[in-house]
>>> print(open('data.txt').read())   # compact mmCIF, N, CA and C atoms
# COMPACT_ATOMS: atom_id res chain seq x y z
N MET A 1 83.50 96.09 93.98
CA MET A 1 83.77 95.35 95.22
C MET A 1 82.52 95.32 96.09
N ASP A 2 82.31 94.20 96.72
CA ASP A 2 81.19 94.02 97.63
C ASP A 2 81.50 94.72 98.95
N ASP A 3 80.55 95.51 99.42
CA ASP A 3 80.75 96.28 100.65
C ASP A 3 81.09 95.38 101.84
N LEU A 4 80.44 94.23 101.94
CA LEU A 4 80.72 93.30 103.04
C LEU A 4 82.14 92.77 102.96
N ALA A 5 82.57 92.41 101.76
CA ALA A 5 83.94 91.90 101.58
C ALA A 5 84.97 92.96 101.97
N VAL A 6 84.69 94.21 101.64
CA VAL A 6 85.60 95.31 102.01
C VAL A 6 85.67 95.46 103.52
N LYS A 7 84.53 95.43 104.18
CA LYS A 7 84.49 95.57 105.64
C LYS A 7 85.23 94.43 106.33
N ILE A 8 85.01 93.21 105.86
CA ILE A 8 85.71 92.06 106.44
C ILE A 8 87.21 92.19 106.22
N GLY A 9 87.60 92.58 105.02
CA GLY A 9 89.02 92.76 104.71
C GLY A 9 89.68 93.80 105.60
N LEU A 10 88.97 94.89 105.83
CA LEU A 10 89.52 95.94 106.71
C LEU A 10 89.67 95.44 108.14
N LEU A 11 88.72 94.64 108.60
CA LEU A 11 88.82 94.08 109.96
C LEU A 11 89.96 93.08 110.07
N ILE A 12 90.18 92.30 109.02
CA ILE A 12 91.32 91.38 109.03
C ILE A 12 92.61 92.17 109.10
N ARG A 13 92.74 93.20 108.26
CA ARG A 13 93.95 94.03 108.26
C ARG A 13 94.16 94.70 109.62
N LYS A 14 93.08 95.24 110.20
CA LYS A 14 93.18 95.92 111.50
C LYS A 14 93.70 94.96 112.56
N ASN A 15 93.11 93.78 112.64
CA ASN A 15 93.54 92.80 113.65
C ASN A 15 94.95 92.31 113.38
N ARG A 16 95.30 92.12 112.12
CA ARG A 16 96.65 91.66 111.78
C ARG A 16 97.69 92.70 112.17
N THR A 17 97.44 93.96 111.85
CA THR A 17 98.43 95.00 112.16
C THR A 17 98.51 95.27 113.65
N GLU A 18 97.40 95.14 114.37
CA GLU A 18 97.43 95.31 115.82
C GLU A 18 98.32 94.27 116.48
N LYS A 19 98.38 93.09 115.88
CA LYS A 19 99.22 92.01 116.41
C LYS A 19 100.62 92.03 115.80
N LYS A 20 100.87 93.06 114.97
CA LYS A 20 102.19 93.24 114.35
C LYS A 20 102.63 92.02 113.53
N ILE A 21 101.67 91.50 112.77
CA ILE A 21 101.94 90.36 111.89
C ILE A 21 101.93 90.88 110.45
N THR A 22 102.92 90.51 109.69
CA THR A 22 102.96 90.93 108.29
C THR A 22 101.97 90.10 107.47
N GLN A 23 101.61 90.65 106.31
CA GLN A 23 100.76 89.89 105.40
C GLN A 23 101.43 88.58 105.03
N GLU A 24 102.71 88.64 104.78
CA GLU A 24 103.46 87.45 104.38
C GLU A 24 103.39 86.37 105.45
N LYS A 25 103.58 86.76 106.71
CA LYS A 25 103.57 85.78 107.80
C LYS A 25 102.17 85.20 108.00
N LEU A 26 101.14 86.05 107.97
CA LEU A 26 99.78 85.55 108.14
C LEU A 26 99.41 84.61 107.00
N ALA A 27 99.78 84.98 105.79
CA ALA A 27 99.49 84.12 104.64
C ALA A 27 100.19 82.77 104.79
N LEU A 28 101.42 82.78 105.23
CA LEU A 28 102.17 81.54 105.42
C LEU A 28 101.50 80.67 106.48
N LEU A 29 101.11 81.27 107.59
CA LEU A 29 100.47 80.53 108.67
C LEU A 29 99.10 79.97 108.27
N CYS A 30 98.42 80.67 107.35
CA CYS A 30 97.10 80.23 106.89
C CYS A 30 97.17 79.40 105.62
N ASP A 31 98.38 79.19 105.14
CA ASP A 31 98.60 78.40 103.92
C ASP A 31 97.87 78.97 102.71
N ILE A 32 97.98 80.30 102.54
CA ILE A 32 97.45 80.95 101.35
C ILE A 32 98.53 81.86 100.78
N ASP A 33 98.37 82.24 99.53
CA ASP A 33 99.33 83.11 98.88
C ASP A 33 99.23 84.53 99.45
N ARG A 34 100.37 85.20 99.61
CA ARG A 34 100.38 86.55 100.16
C ARG A 34 99.56 87.51 99.30
N SER A 35 99.63 87.37 97.98
CA SER A 35 98.87 88.27 97.11
C SER A 35 97.37 88.03 97.27
N TYR A 36 96.98 86.79 97.54
CA TYR A 36 95.57 86.49 97.79
C TYR A 36 95.11 87.13 99.10
N LEU A 37 95.96 87.09 100.11
CA LEU A 37 95.62 87.74 101.38
C LEU A 37 95.46 89.24 101.15
N GLY A 38 96.31 89.82 100.34
CA GLY A 38 96.17 91.24 100.02
C GLY A 38 94.84 91.54 99.35
N ARG A 39 94.43 90.67 98.46
CA ARG A 39 93.14 90.83 97.79
C ARG A 39 91.99 90.68 98.79
N ILE A 40 92.14 89.77 99.75
CA ILE A 40 91.12 89.62 100.80
C ILE A 40 91.01 90.91 101.60
N GLU A 41 92.16 91.45 102.01
CA GLU A 41 92.16 92.66 102.84
C GLU A 41 91.61 93.87 102.09
N ARG A 42 91.74 93.89 100.79
CA ARG A 42 91.19 95.00 99.98
C ARG A 42 89.73 94.76 99.60
N GLY A 43 89.19 93.60 99.97
CA GLY A 43 87.80 93.30 99.67
C GLY A 43 87.56 92.95 98.22
N GLU A 44 88.58 92.49 97.54
CA GLU A 44 88.46 92.16 96.12
C GLU A 44 87.94 90.75 95.89
N VAL A 45 87.94 89.92 96.92
CA VAL A 45 87.46 88.54 96.80
C VAL A 45 86.55 88.22 97.97
N ASN A 46 85.65 87.29 97.74
CA ASN A 46 84.81 86.77 98.83
C ASN A 46 85.47 85.50 99.36
N ILE A 47 85.73 85.49 100.64
CA ILE A 47 86.39 84.32 101.21
C ILE A 47 85.34 83.36 101.77
N THR A 48 85.74 82.11 101.90
CA THR A 48 84.83 81.11 102.47
C THR A 48 84.77 81.28 103.98
N VAL A 49 83.75 80.72 104.56
CA VAL A 49 83.62 80.72 106.02
C VAL A 49 84.79 79.96 106.63
N LEU A 50 85.19 78.88 106.00
CA LEU A 50 86.32 78.10 106.48
C LEU A 50 87.59 78.96 106.55
N LYS A 51 87.85 79.74 105.51
CA LYS A 51 89.04 80.60 105.47
C LYS A 51 88.93 81.70 106.53
N LEU A 52 87.74 82.24 106.73
CA LEU A 52 87.53 83.26 107.75
C LEU A 52 87.86 82.69 109.13
N PHE A 53 87.40 81.47 109.41
CA PHE A 53 87.69 80.83 110.69
C PHE A 53 89.18 80.54 110.83
N GLU A 54 89.82 80.13 109.76
CA GLU A 54 91.25 79.85 109.80
C GLU A 54 92.07 81.11 110.09
N ILE A 55 91.70 82.20 109.45
CA ILE A 55 92.40 83.47 109.69
C ILE A 55 92.19 83.91 111.13
N ALA A 56 90.95 83.82 111.62
CA ALA A 56 90.64 84.20 113.00
C ALA A 56 91.44 83.35 113.99
N LYS A 57 91.49 82.05 113.74
CA LYS A 57 92.23 81.15 114.64
C LYS A 57 93.71 81.54 114.66
N THR A 58 94.27 81.83 113.50
CA THR A 58 95.67 82.22 113.41
C THR A 58 95.93 83.54 114.14
N LEU A 59 94.96 84.46 114.05
CA LEU A 59 95.09 85.75 114.75
C LEU A 59 94.73 85.64 116.23
N GLU A 60 94.28 84.45 116.65
CA GLU A 60 93.88 84.18 118.03
C GLU A 60 92.74 85.09 118.49
N ILE A 61 91.73 85.20 117.62
CA ILE A 61 90.53 85.98 117.92
C ILE A 61 89.31 85.16 117.52
N SER A 62 88.17 85.60 117.96
CA SER A 62 86.92 84.97 117.56
C SER A 62 86.58 85.36 116.12
N PRO A 63 86.05 84.45 115.34
CA PRO A 63 85.64 84.80 113.97
C PRO A 63 84.66 85.96 113.94
N THR A 64 83.85 86.12 114.99
CA THR A 64 82.90 87.23 115.03
C THR A 64 83.61 88.58 115.05
N ASN A 65 84.87 88.62 115.48
CA ASN A 65 85.62 89.87 115.47
C ASN A 65 85.96 90.31 114.05
N LEU A 66 85.81 89.43 113.09
CA LEU A 66 86.11 89.76 111.70
C LEU A 66 84.84 90.07 110.91
N LEU A 67 83.72 90.09 111.59
CA LEU A 67 82.45 90.40 110.93
C LEU A 67 81.97 91.79 111.35
N PRO A 68 81.51 92.57 110.39
CA PRO A 68 81.02 93.92 110.73
C PRO A 68 79.70 93.88 111.50
>>> encode(input="data.txt", output="structure tokens")
Amino acid sequence: MDDLAVKIGLLIRKNRTEKKITQEKLALLCDIDRSYLGRIERGEVNITVLKLFEIAKTLEISPTNLLP
């Protein structure tokens, strides 16, 4: 796993759980599969900048909050 992908995934999970949003709900709102979101949060995949912005928008935060 890429260290950057892991850090981004952990920040996504942290922000998602702080807002009390389930993986399933966030995935639905971002139009991605829940298992793919799980892989993102574990840092198993590299996401596109577009997907990072979409997740941030859904979480109502700045995309920079998802960058280490």
>>> residues_around(input="data.txt", residues="region 33-36 of chain A", least_positions_apart="5", cutoff="7 Å", atoms="all atoms listed in the file", output="VMD selection string")
chain A and resid 23 to 24 27 to 28 41
>>> atom_distance(input="data.txt", atom1="CA of Thr58 (chain A)", atom2="CA of Val6 (chain A)")
20.1 Å
>>> axis_aligned_box(input="data.txt", around="region 22-34 of chain A", padding_each_side="5 Å", output="JSON")
{"center_x": 100.3, "center_y": 84.7, "center_z": 104.3, "size_x": 16.5, "size_y": 22.5, "size_z": 20.8}
>>> closest_residue(input="data.txt", among="A:Ile40, A:Phe53, A:Ile61, A:Pro68", to="Arg13 (chain A)", atoms="only C-alpha atoms")
A:Ile40
>>> atom_distance(input="data.txt", atom1="CA of Ser62 (chain A)", atom2="atom N of Asp2 (chain A)")
23.3 Å
>>> closest_residue(input="data.txt", among="A:Lys7, A:Ile55, A:Leu50, A:Arg39", to="Lys25 (chain A)", atoms="only C-alpha atoms")
A:Ile55
>>> atom_distance(input="data.txt", atom1="CA of Lys20 (chain A)", atom2="CA of Lys57 (chain A)")
15.7 Å
>>> closest_residue(input="data.txt", among="A:Leu29, A:Leu52, A:Leu59, A:Thr22", to="Ile8 (chain A)", atoms="only C-alpha atoms")
A:Leu52
>>> closest_residue(input="data.txt", among="A:Asp31, A:Gly43, A:Leu26, A:Ile21", to="Asp3 (chain A)", atoms="only N, CA and C atoms")
A:Gly43
>>> decode(input="data.txt", residues="region 41-52 of chain A", atoms="C-alpha atoms", output="mmCIF file, in the first residue's frame")
data_model
loop_
_atom_site.group_PDB
_atom_site.id
_atom_site.type_symbol
_atom_site.label_atom_id
_atom_site.label_comp_id
_atom_site.auth_asym_id
_atom_site.auth_seq_id
_atom_site.Cartn_x
_atom_site.Cartn_y
_atom_site.Cartn_z
ATOM 1 C CA GLU A 41 -10.311 4.205 3.405
ATOM 2 C CA ARG A 42 -7.805 1.360 3.867
ATOM 3 C CA GLY A 43 -5.459 2.943 1.339
ATOM 4 C CA GLU A 44 -5.650 -0.018 -1.012
ATOM 5 C CA VAL A 45 -6.428 2.109 -4.084
ATOM 6 C CA ASN A 46 -5.318 5.458 -5.441
ATOM 7 C CA ILE A 47 -8.295 7.691 -6.047
ATOM 8 C CA THR A 48 -8.560 10.407 -8.658
ATOM 9 C CA VAL A 49 -8.506 14.074 -7.771
ATOM 10 C CA LEU A 50 -12.077 14.257 -9.040
ATOM 11 C CA LYS A 51 -13.191 11.539 -6.595
ATOM 12 C CA LEU A 52 -11.309 13.245 -3.745
#
